[in-house]
>>> print(open('final-v6.tsv').read())   # TSV, C-alpha atoms and all ligand atoms
chain	number	residue	atom	x	y	z
X	1	MET	CA	12.57	21.17	-61.75
X	2	ALA	CA	10.94	17.73	-62.03
X	3	ILE	CA	12.22	15.47	-59.25
X	4	THR	CA	12.17	11.68	-59.68
X	5	LYS	CA	10.68	9.50	-56.98
X	6	MET	CA	13.62	7.93	-55.18
X	7	ILE	CA	13.88	5.15	-52.65
X	8	THR	CA	16.67	5.02	-50.10
X	9	SER	CA	18.23	1.61	-49.58
X	10	LEU	CA	21.09	0.29	-47.53
X	11	ILE	CA	23.35	-2.61	-48.35
X	12	VAL	CA	25.32	-4.52	-45.72
X	13	ALA	CA	26.81	-7.90	-44.85
X	14	VAL	CA	26.12	-8.90	-41.24
X	15	ALA	CA	27.42	-11.73	-39.08
X	16	GLU	CA	25.18	-13.81	-36.80
X	17	ASN	CA	26.17	-11.62	-33.84
X	18	ASN	CA	25.56	-8.38	-35.85
X	19	VAL	CA	29.29	-7.70	-36.36
X	20	ILE	CA	30.11	-5.90	-39.63
X	21	GLY	CA	33.77	-4.92	-39.22
X	22	LYS	CA	36.94	-4.85	-37.17
X	23	ASP	CA	39.89	-2.41	-37.10
X	24	ASN	CA	38.24	-0.40	-39.89
X	25	ASP	CA	38.19	-3.37	-42.23
X	26	LEU	CA	35.90	-6.16	-43.37
X	27	ILE	CA	36.40	-9.51	-41.64
X	28	TRP	CA	35.35	-12.19	-44.12
X	29	ARG	CA	36.04	-12.73	-47.81
X	30	LEU	CA	32.97	-13.73	-49.78
X	31	PRO	CA	33.60	-13.05	-53.50
X	32	ASN	CA	29.95	-13.61	-54.46
X	33	ASP	CA	28.90	-10.97	-51.95
X	34	MET	CA	31.42	-8.51	-53.41
X	35	LYS	CA	29.92	-9.20	-56.84
X	36	PHE	CA	26.40	-8.76	-55.49
X	37	PHE	CA	27.40	-5.43	-53.92
X	38	ARG	CA	28.93	-4.23	-57.17
X	39	THR	CA	26.05	-5.19	-59.47
X	40	THR	CA	23.41	-3.90	-57.05
X	41	THR	CA	25.00	-0.48	-56.56
X	42	LEU	CA	26.37	0.07	-60.08
X	43	ASN	CA	25.25	3.33	-61.74
X	44	HIS	CA	23.65	4.62	-58.54
X	45	HIS	CA	24.53	7.22	-55.94
X	46	ILE	CA	26.17	5.72	-52.87
X	47	ILE	CA	26.63	7.35	-49.46
X	48	THR	CA	29.55	6.25	-47.29
X	49	GLY	CA	30.93	7.35	-43.95
X	50	ARG	CA	34.45	8.75	-44.19
X	51	LYS	CA	35.92	5.80	-42.25
X	52	ASN	CA	34.33	3.19	-44.50
X	53	TYR	CA	35.49	5.14	-47.56
X	54	ILE	CA	39.09	5.27	-46.34
X	55	SER	CA	38.97	1.52	-45.64
X	56	ILE	CA	38.41	0.80	-49.35
X	57	PRO	CA	41.76	-0.06	-50.99
X	58	GLU	CA	43.01	3.07	-52.78
X	59	LYS	CA	43.00	1.47	-56.22
X	60	TYR	CA	39.25	0.78	-55.91
X	61	ARG	CA	38.15	4.25	-54.78
X	62	PRO	CA	36.11	6.17	-55.64
X	63	LEU	CA	33.99	3.11	-56.45
X	64	ALA	CA	33.77	3.10	-60.25
X	65	ASN	CA	30.59	3.96	-62.14
X	66	ARG	CA	28.82	5.21	-59.03
X	67	THR	CA	28.45	8.72	-57.63
X	68	ASN	CA	30.40	8.47	-54.37
X	69	ILE	CA	29.15	10.77	-51.61
X	70	VAL	CA	31.45	10.82	-48.57
X	71	LEU	CA	30.06	11.97	-45.21
X	72	THR	CA	32.43	13.80	-42.88
X	73	ARG	CA	32.24	16.51	-40.24
X	74	GLN	CA	35.66	17.84	-41.34
X	75	SER	CA	35.11	21.12	-43.19
X	76	ASP	CA	38.40	20.82	-45.11
X	77	PHE	CA	38.02	17.20	-46.30
X	78	THR	CA	38.29	16.78	-50.08
X	79	GLU	CA	38.59	13.68	-52.20
X	80	GLU	CA	39.04	13.68	-55.96
X	81	GLY	CA	36.08	12.22	-57.82
X	82	CYS	CA	33.77	12.36	-54.78
X	83	ILE	CA	31.01	14.59	-53.51
X	84	VAL	CA	31.69	15.52	-49.88
X	85	SER	CA	28.69	16.09	-47.62
X	86	HIS	CA	28.40	17.16	-43.99
X	87	SER	CA	24.98	15.72	-43.23
X	88	LEU	CA	23.09	12.58	-44.15
X	89	GLU	CA	19.99	14.57	-45.08
X	90	ASP	CA	21.99	16.84	-47.43
X	91	ALA	CA	23.57	13.77	-49.07
X	92	ILE	CA	20.15	12.20	-49.65
X	93	THR	CA	18.81	15.45	-51.09
X	94	TYR	CA	21.80	15.66	-53.43
X	95	ALA	CA	20.99	12.21	-54.88
X	96	ARG	CA	17.29	13.01	-55.20
X	97	GLU	CA	17.98	16.29	-56.99
X	98	ASN	CA	20.23	14.39	-59.41
X	99	ASN	CA	17.34	12.19	-60.50
X	100	GLU	CA	18.45	9.06	-58.64
X	101	THR	CA	15.80	6.33	-58.43
X	102	GLU	CA	17.48	4.15	-55.79
X	103	LEU	CA	20.14	5.52	-53.50
X	104	PHE	CA	22.41	3.14	-51.56
X	105	ILE	CA	23.82	3.77	-48.12
X	106	ILE	CA	26.88	1.52	-47.96
X	107	GLY	CA	27.99	2.04	-44.34
X	108	GLY	CA	29.75	1.91	-42.07
X	109	GLY	CA	28.31	1.38	-38.63
X	110	GLN	CA	27.70	5.04	-37.72
X	111	ILE	CA	25.92	5.82	-40.97
X	112	TYR	CA	23.67	2.72	-40.90
X	113	LYS	CA	22.71	3.52	-37.30
X	114	GLU	CA	21.88	7.15	-37.99
X	115	ALA	CA	19.87	6.32	-41.13
X	116	LEU	CA	17.82	3.64	-39.33
X	117	GLU	CA	17.25	5.75	-36.21
X	118	LYS	CA	16.02	8.64	-38.35
X	119	ASP	CA	13.77	6.28	-40.31
X	120	LEU	CA	15.35	7.25	-43.64
X	121	ILE	CA	15.54	3.74	-45.12
X	122	ASP	CA	12.92	2.10	-47.37
X	123	ARG	CA	14.72	-1.12	-48.31
X	124	MET	CA	17.64	-3.15	-46.93
X	125	TYR	CA	19.81	-5.59	-48.87
X	126	VAL	CA	21.30	-7.71	-46.10
X	127	THR	CA	23.77	-10.52	-46.68
X	128	HIS	CA	23.50	-12.66	-43.57
X	129	VAL	CA	26.81	-14.42	-42.94
X	130	HIS	CA	26.01	-17.54	-40.92
X	131	GLN	CA	28.90	-17.33	-38.50
X	132	ALA	CA	29.70	-15.20	-35.42
X	133	PHE	CA	32.88	-13.06	-35.47
X	134	ASP	CA	34.91	-10.97	-33.10
X	135	GLY	CA	34.57	-7.32	-34.19
X	136	ASP	CA	34.21	-3.68	-33.13
X	137	THR	CA	31.50	-2.38	-35.48
X	138	PHE	CA	27.90	-3.58	-35.42
X	139	PHE	CA	24.67	-3.38	-37.40
X	140	PRO	CA	21.51	-2.63	-35.40
X	141	GLU	CA	19.21	-5.59	-34.61
X	142	ILE	CA	16.61	-5.91	-37.41
X	143	ASP	CA	13.15	-5.29	-35.95
X	144	THR	CA	10.88	-7.89	-37.60
X	145	ASN	CA	7.80	-5.86	-36.56
X	146	LYS	CA	9.07	-3.09	-38.80
X	147	TRP	CA	10.75	-4.97	-41.66
X	148	LYS	CA	9.31	-7.60	-43.98
X	149	ASN	CA	11.66	-10.17	-45.50
X	150	ILE	CA	10.62	-10.11	-49.19
X	151	SER	CA	13.30	-12.39	-50.66
X	152	GLU	CA	15.98	-14.76	-49.49
X	153	THR	CA	18.57	-16.81	-51.36
X	154	ASN	CA	20.60	-19.23	-49.27
X	155	ASN	CA	24.13	-20.18	-50.31
X	156	PRO	CA	26.23	-22.95	-48.80
X	157	ALA	CA	29.93	-22.65	-48.02
X	158	ASP	CA	32.14	-23.82	-50.87
X	159	GLU	CA	35.82	-23.75	-51.86
X	160	LYS	CA	35.69	-19.94	-52.41
X	161	HIS	CA	33.30	-19.11	-49.56
X	162	GLN	CA	34.32	-20.23	-46.11
X	163	TYR	CA	30.90	-19.62	-44.53
X	164	PRO	CA	27.31	-20.13	-45.65
X	165	TYR	CA	25.51	-16.84	-46.42
X	166	SER	CA	22.07	-15.62	-47.51
X	167	PHE	CA	21.13	-12.69	-49.71
X	168	THR	CA	18.06	-11.17	-48.08
X	169	VAL	CA	15.93	-8.15	-48.98
X	170	TYR	CA	13.77	-6.40	-46.39
X	171	GLU	CA	11.17	-3.73	-47.04
X	172	LYS	CA	9.77	-1.37	-44.48
X	173	LEU	CA	6.25	-2.32	-43.43
X	174	LYS	CA	3.86	0.54	-44.15
M	1	LIG	N1	30.00	-5.61	-43.47
M	1	LIG	C1	29.62	-4.58	-44.20
M	1	LIG	O1	28.74	-4.69	-45.07
M	1	LIG	C2	30.28	-3.24	-44.00
M	1	LIG	C3	29.89	-2.17	-44.81
M	1	LIG	C4	30.49	-0.93	-44.59
M	1	LIG	C5	31.45	-0.80	-43.59
M	1	LIG	N2	31.80	-1.85	-42.84
M	1	LIG	C6	32.79	-1.72	-41.76
M	1	LIG	O2	32.36	-0.68	-40.88
M	1	LIG	C7	33.53	-0.09	-40.28
M	1	LIG	C8	33.47	1.43	-40.46
M	1	LIG	O3	32.30	1.92	-39.79
M	1	LIG	P1	32.39	3.10	-38.67
M	1	LIG	O4	31.11	3.08	-37.92
M	1	LIG	O5	33.64	2.94	-37.90
M	1	LIG	O6	32.58	4.41	-39.54
M	1	LIG	P2	31.72	5.02	-40.74
M	1	LIG	O7	30.27	4.98	-40.41
M	1	LIG	O8	32.15	4.43	-42.03
M	1	LIG	O9	32.27	6.53	-40.77
M	1	LIG	C9	32.18	7.35	-39.63
M	1	LIG	C10	32.60	8.74	-40.02
M	1	LIG	O10	31.61	9.33	-40.87
M	1	LIG	C11	31.47	10.70	-40.58
M	1	LIG	N3	30.12	10.93	-40.08
M	1	LIG	C12	29.35	10.12	-39.29
M	1	LIG	N4	28.15	10.67	-39.08
M	1	LIG	C13	28.13	11.84	-39.73
M	1	LIG	C14	27.17	12.88	-39.89
M	1	LIG	N5	25.95	12.80	-39.33
M	1	LIG	N6	27.49	13.96	-40.62
M	1	LIG	C15	28.70	14.07	-41.22
M	1	LIG	N7	29.66	13.12	-41.11
M	1	LIG	C16	29.38	12.02	-40.38
M	1	LIG	C17	32.55	11.03	-39.57
M	1	LIG	O11	33.70	11.35	-40.32
M	1	LIG	P3	34.86	12.34	-39.80
M	1	LIG	O12	35.53	11.62	-38.68
M	1	LIG	O13	35.71	12.55	-41.00
M	1	LIG	O14	34.14	13.60	-39.36
M	1	LIG	C18	32.72	9.70	-38.85
M	1	LIG	O15	33.97	9.58	-38.21
M	1	LIG	C19	34.73	-0.74	-40.96
M	1	LIG	O16	35.20	-1.82	-40.17
M	1	LIG	C20	34.14	-1.28	-42.25
M	1	LIG	O17	34.88	-2.36	-42.78
M	1	LIG	C21	31.22	-3.07	-43.01
>>> encode(input="final-v6.tsv", output="structure tokens", more="lines below")
Ligand SMILES: NC(=O)c1ccc[n+]([C@@H]2O[C@H](COP(=O)([O-])OP(=O)(O)OC[C@H]3O[C@@H](n4cnc5c(N)ncnc54)[C@H](OP(=O)(O)O)[C@@H]3O)[C@@H](O)[C@H]2O)c1
Amino acid sequence: MAITKMITSLIVAVAENNVIGKDNDLIWRLPNDMKFFRTTTLNHHIITGRKNYISIPEKYRPLANRTNIVLTRQSDFTEEGCIVSHSLEDAITYARENNETELFIIGGGQIYKEALEKDLIDRMYVTHVHQAFDGDTFFPEIDTNKWKNISETNNPADEKHQYPYSFTVYEKLK
């Protein structure tokens, strides 16, 4: 079987103090970031931790027009319209074997941490939210010796976006 070359990316929105969530929910509302998430991940495989998946409002899950892979250690977990996987490596292999070109890890905190610690990520799409928040879930500190910022678009706060934010892409330094 011919297997396509695939890169593994993650996509996240991070506060100034590295907070990404609280009480199994997102904290801020930034419609342009939601749009960016949707257009970036559309038609790709996505990998999500079970907690992040459950936090998505029911009417929006599985995320449409994407192959949703849910990671859980529960052997009896099933979810209609999703692939269920019991290891991050198996989930990545599943996407590769299905001819994915860019796989997206979409969180939450446990899954980002494991993927970065195991050095499984090639590219990171990070929306930096320029505000600190109280939260209980964090993104690891980005090591600038390991990651090169290859693009950045800064956006001011406006009537629909309470905080300024930047769309940033990092690639792993070879
Ligand atoms: N700001 C952002 O961009 C962003 C993005 C995504 C999520 N979030 C936030 O992050 C929070 C959720 O993150 P979280 O860290 O609590 O949970 P999570 O990473 O979404 O999910 C954790 C769950 O995934 C499963 N899991 C973890 N590692 C696994 C492994 N190696 N193999 C198999 N299954 C594994 C386990 O499920 P079982 O318990 O079922 O075994 C575990 O309880 C929420 O607040 C959410 O809003 C923020």
>>> residues_near_ligand(input="final-v6.tsv", ligand="ligand LIG 1 (chain M)", cutoff="8 Å", atoms="only C-alpha atoms and all ligand atoms", output="JSON, numbers by chain")
{"X": [11, 12, 13, 14, 15, 19, 20, 21, 22, 23, 24, 25, 26, 27, 48, 49, 50, 51, 52, 53, 55, 70, 71, 72, 73, 74, 77, 85, 86, 87, 88, 106, 107, 108, 109, 110, 111, 112, 114, 127, 136, 137, 138]}
>>> write_last_selection(input="final-v6.tsv", atoms="C-alpha atoms", output="compact mmCIF listing (two decimals), in the frame of the given file")
# COMPACT_ATOMS: atom_id res chain seq x y z
CA ILE X 11 23.35 -2.61 -48.35
CA VAL X 12 25.32 -4.52 -45.72
CA ALA X 13 26.81 -7.90 -44.85
CA VAL X 14 26.12 -8.90 -41.24
CA ALA X 15 27.42 -11.73 -39.08
CA VAL X 19 29.29 -7.70 -36.36
CA ILE X 20 30.11 -5.90 -39.63
CA GLY X 21 33.77 -4.92 -39.22
CA LYS X 22 36.94 -4.85 -37.17
CA ASP X 23 39.89 -2.41 -37.10
CA ASN X 24 38.24 -0.40 -39.89
CA ASP X 25 38.19 -3.37 -42.23
CA LEU X 26 35.90 -6.16 -43.37
CA ILE X 27 36.40 -9.51 -41.64
CA THR X 48 29.55 6.25 -47.29
CA GLY X 49 30.93 7.35 -43.95
CA ARG X 50 34.45 8.75 -44.19
CA LYS X 51 35.92 5.80 -42.25
CA ASN X 52 34.33 3.19 -44.50
CA TYR X 53 35.49 5.14 -47.56
CA SER X 55 38.97 1.52 -45.64
CA VAL X 70 31.45 10.82 -48.57
CA LEU X 71 30.06 11.97 -45.21
CA THR X 72 32.43 13.80 -42.88
CA ARG X 73 32.24 16.51 -40.24
CA GLN X 74 35.66 17.84 -41.34
CA PHE X 77 38.02 17.20 -46.30
CA SER X 85 28.69 16.09 -47.62
CA HIS X 86 28.40 17.16 -43.99
CA SER X 87 24.98 15.72 -43.23
CA LEU X 88 23.09 12.58 -44.15
CA ILE X 106 26.88 1.52 -47.96
CA GLY X 107 27.99 2.04 -44.34
CA GLY X 108 29.75 1.91 -42.07
CA GLY X 109 28.31 1.38 -38.63
CA GLN X 110 27.70 5.04 -37.72
CA ILE X 111 25.92 5.82 -40.97
CA TYR X 112 23.67 2.72 -40.90
CA GLU X 114 21.88 7.15 -37.99
CA THR X 127 23.77 -10.52 -46.68
CA ASP X 136 34.21 -3.68 -33.13
CA THR X 137 31.50 -2.38 -35.48
CA PHE X 138 27.90 -3.58 -35.42
>>> atom_distance(input="final-v6.tsv", atom1="CA of Tyr170 in chain X", atom2="CA of Trp147 in chain X")
5.8 Å
>>> closest_atom_pairs(input="final-v6.tsv", of="range 68-147 of chain X", to="range 28-42 of chain X", cutoff="9 Å", atoms="all atoms listed in the file", output="JSON lines")
{"residue": "X:Glu102", "atom": "CA", "partner": "X:Thr41", "partner_atom": "CA", "distance": 8.9}
{"residue": "X:Leu103", "atom": "CA", "partner": "X:Thr41", "partner_atom": "CA", "distance": 8.3}
{"residue": "X:Phe104", "atom": "CA", "partner": "X:Thr41", "partner_atom": "CA", "distance": 6.7}
{"residue": "X:Thr127", "atom": "CA", "partner": "X:Asp33", "partner_atom": "CA", "distance": 7.4}
{"residue": "X:Val129", "atom": "CA", "partner": "X:Trp28", "partner_atom": "CA", "distance": 8.9}
>>> residues_around(input="final-v6.tsv", residues="Asn149 in chain X", least_positions_apart="3", cutoff="7 Å", atoms="only C-alpha atoms", output="list of chain:residue names")
X:Thr168, X:Val169, X:Tyr170, X:Glu171
>>> residues_around(input="final-v6.tsv", residues="Glu100 in chain X", least_positions_apart="5", cutoff="10 Å", atoms="all atoms listed in the file", output="CSV table (one decimal) with C-alpha atoms, keeping the file's coordinate frame")
chain,number,residue,atom,x,y,z
X,3,ILE,CA,12.2,15.5,-59.2
X,4,THR,CA,12.2,11.7,-59.7
X,5,LYS,CA,10.7,9.5,-57.0
X,6,MET,CA,13.6,7.9,-55.2
X,7,ILE,CA,13.9,5.2,-52.6
X,8,THR,CA,16.7,5.0,-50.1
X,43,ASN,CA,25.2,3.3,-61.7
X,44,HIS,CA,23.6,4.6,-58.5
X,45,HIS,CA,24.5,7.2,-55.9
X,92,ILE,CA,20.2,12.2,-49.6
X,93,THR,CA,18.8,15.4,-51.1
X,94,TYR,CA,21.8,15.7,-53.4
X,95,ALA,CA,21.0,12.2,-54.9
>>> closest_residue(input="final-v6.tsv", among="X:Val84, X:Ile150, X:Ile142, X:Ile69", to="Glu117 in chain X", atoms="all atoms listed in the file")
X:Ile142
>>> closest_residue(input="final-v6.tsv", among="X:Ala115, X:Ile46, X:Ile83, X:Ala91", to="Asn65 in chain X", atoms="only C-alpha atoms")
X:Ile46
>>> atom_distance(input="final-v6.tsv", atom1="CA of Lys172 in chain X", atom2="CA of Asp119 in chain X")
9.6 Å
>>> closest_atom_pairs(input="final-v6.tsv", of="range 42-73 of chain X", to="range 79-82 of chain X", cutoff="10 Å", atoms="only C-alpha atoms", output="tab-separated table")
residue	atom	partner	partner_atom	distance
X:Arg61	CA	X:Gly81	CA	8.8
X:Pro62	CA	X:Gly81	CA	6.4
X:Leu63	CA	X:Cys82	CA	9.4
X:Ala64	CA	X:Gly81	CA	9.7
X:Arg66	CA	X:Cys82	CA	9.7
X:Thr67	CA	X:Cys82	CA	7.0
X:Asn68	CA	X:Cys82	CA	5.2
X:Ile69	CA	X:Cys82	CA	5.8
X:Val70	CA	X:Cys82	CA	6.8
>>> atom_distance(input="final-v6.tsv", atom1="CA of His161 in chain X", atom2="CA of Phe133 in chain X")
15.3 Å
>>> residues_around(input="final-v6.tsv", residues="Pro156 in chain X", least_positions_apart="6", cutoff="10 Å", atoms="all atoms listed in the file", output="ChimeraX atom specification")
/X:130,162-166
>>> build_atoms(input="final-v6.tsv", residues="range 101-120 of chain X", atoms="N, CA and C atoms", output="PDB file, in the frame of the given file")
ATOM      1  N   THR X 101      17.027   7.086 -58.726  1.00  0.00           N
ATOM      2  CA  THR X 101      15.800   6.330 -58.430  1.00  0.00           C
ATOM      3  C   THR X 101      15.971   5.454 -57.197  1.00  0.00           C
ATOM      4  N   GLU X 102      17.192   4.935 -56.999  1.00  0.00           N
ATOM      5  CA  GLU X 102      17.480   4.150 -55.790  1.00  0.00           C
ATOM      6  C   GLU X 102      18.876   4.499 -55.292  1.00  0.00           C
ATOM      7  N   LEU X 103      18.886   5.112 -54.141  1.00  0.00           N
ATOM      8  CA  LEU X 103      20.140   5.520 -53.500  1.00  0.00           C
ATOM      9  C   LEU X 103      20.580   4.420 -52.542  1.00  0.00           C
ATOM     10  N   PHE X 104      21.897   4.186 -52.445  1.00  0.00           N
ATOM     11  CA  PHE X 104      22.410   3.140 -51.560  1.00  0.00           C
ATOM     12  C   PHE X 104      23.305   3.726 -50.467  1.00  0.00           C
ATOM     13  N   ILE X 105      22.940   3.459 -49.241  1.00  0.00           N
ATOM     14  CA  ILE X 105      23.820   3.770 -48.120  1.00  0.00           C
ATOM     15  C   ILE X 105      24.673   2.539 -47.886  1.00  0.00           C
ATOM     16  N   ILE X 106      25.994   2.701 -47.960  1.00  0.00           N
ATOM     17  CA  ILE X 106      26.880   1.520 -47.960  1.00  0.00           C
ATOM     18  C   ILE X 106      27.713   1.419 -46.671  1.00  0.00           C
ATOM     19  N   GLY X 107      27.315   2.170 -45.629  1.00  0.00           N
ATOM     20  CA  GLY X 107      27.990   2.040 -44.340  1.00  0.00           C
ATOM     21  C   GLY X 107      28.958   3.161 -44.073  1.00  0.00           C
ATOM     22  N   GLY X 108      29.720   3.046 -42.986  1.00  0.00           N
ATOM     23  CA  GLY X 108      29.750   1.910 -42.070  1.00  0.00           C
ATOM     24  C   GLY X 108      28.744   2.035 -40.939  1.00  0.00           C
ATOM     25  N   GLY X 109      29.184   1.537 -39.780  1.00  0.00           N
ATOM     26  CA  GLY X 109      28.310   1.380 -38.630  1.00  0.00           C
ATOM     27  C   GLY X 109      27.589   2.662 -38.224  1.00  0.00           C
ATOM     28  N   GLN X 110      28.321   3.774 -38.169  1.00  0.00           N
ATOM     29  CA  GLN X 110      27.700   5.040 -37.720  1.00  0.00           C
ATOM     30  C   GLN X 110      26.606   5.483 -38.671  1.00  0.00           C
ATOM     31  N   ILE X 111      26.868   5.310 -39.958  1.00  0.00           N
ATOM     32  CA  ILE X 111      25.920   5.820 -40.970  1.00  0.00           C
ATOM     33  C   ILE X 111      24.673   4.939 -41.019  1.00  0.00           C
ATOM     34  N   TYR X 112      24.840   3.604 -40.946  1.00  0.00           N
ATOM     35  CA  TYR X 112      23.670   2.720 -40.900  1.00  0.00           C
ATOM     36  C   TYR X 112      22.793   3.086 -39.694  1.00  0.00           C
ATOM     37  N   LYS X 113      23.455   3.257 -38.545  1.00  0.00           N
ATOM     38  CA  LYS X 113      22.710   3.520 -37.300  1.00  0.00           C
ATOM     39  C   LYS X 113      21.915   4.812 -37.411  1.00  0.00           C
ATOM     40  N   GLU X 114      22.572   5.858 -37.874  1.00  0.00           N
ATOM     41  CA  GLU X 114      21.880   7.150 -37.990  1.00  0.00           C
ATOM     42  C   GLU X 114      20.702   7.051 -38.961  1.00  0.00           C
ATOM     43  N   ALA X 115      20.928   6.404 -40.107  1.00  0.00           N
ATOM     44  CA  ALA X 115      19.870   6.320 -41.130  1.00  0.00           C
ATOM     45  C   ALA X 115      18.668   5.537 -40.602  1.00  0.00           C
ATOM     46  N   LEU X 116      18.930   4.444 -39.855  1.00  0.00           N
ATOM     47  CA  LEU X 116      17.820   3.640 -39.330  1.00  0.00           C
ATOM     48  C   LEU X 116      17.111   4.390 -38.200  1.00  0.00           C
ATOM     49  N   GLU X 117      17.880   5.019 -37.321  1.00  0.00           N
ATOM     50  CA  GLU X 117      17.250   5.750 -36.210  1.00  0.00           C
ATOM     51  C   GLU X 117      16.386   6.904 -36.711  1.00  0.00           C
ATOM     52  N   LYS X 118      16.806   7.521 -37.802  1.00  0.00           N
ATOM     53  CA  LYS X 118      16.020   8.640 -38.350  1.00  0.00           C
ATOM     54  C   LYS X 118      14.941   8.178 -39.322  1.00  0.00           C
ATOM     55  N   ASP X 119      14.807   6.856 -39.462  1.00  0.00           N
ATOM     56  CA  ASP X 119      13.770   6.280 -40.310  1.00  0.00           C
ATOM     57  C   ASP X 119      13.886   6.738 -41.761  1.00  0.00           C
ATOM     58  N   LEU X 120      15.110   6.756 -42.281  1.00  0.00           N
ATOM     59  CA  LEU X 120      15.350   7.250 -43.640  1.00  0.00           C
ATOM     60  C   LEU X 120      15.402   6.128 -44.674  1.00  0.00           C
TER      61      LEU X 120
END
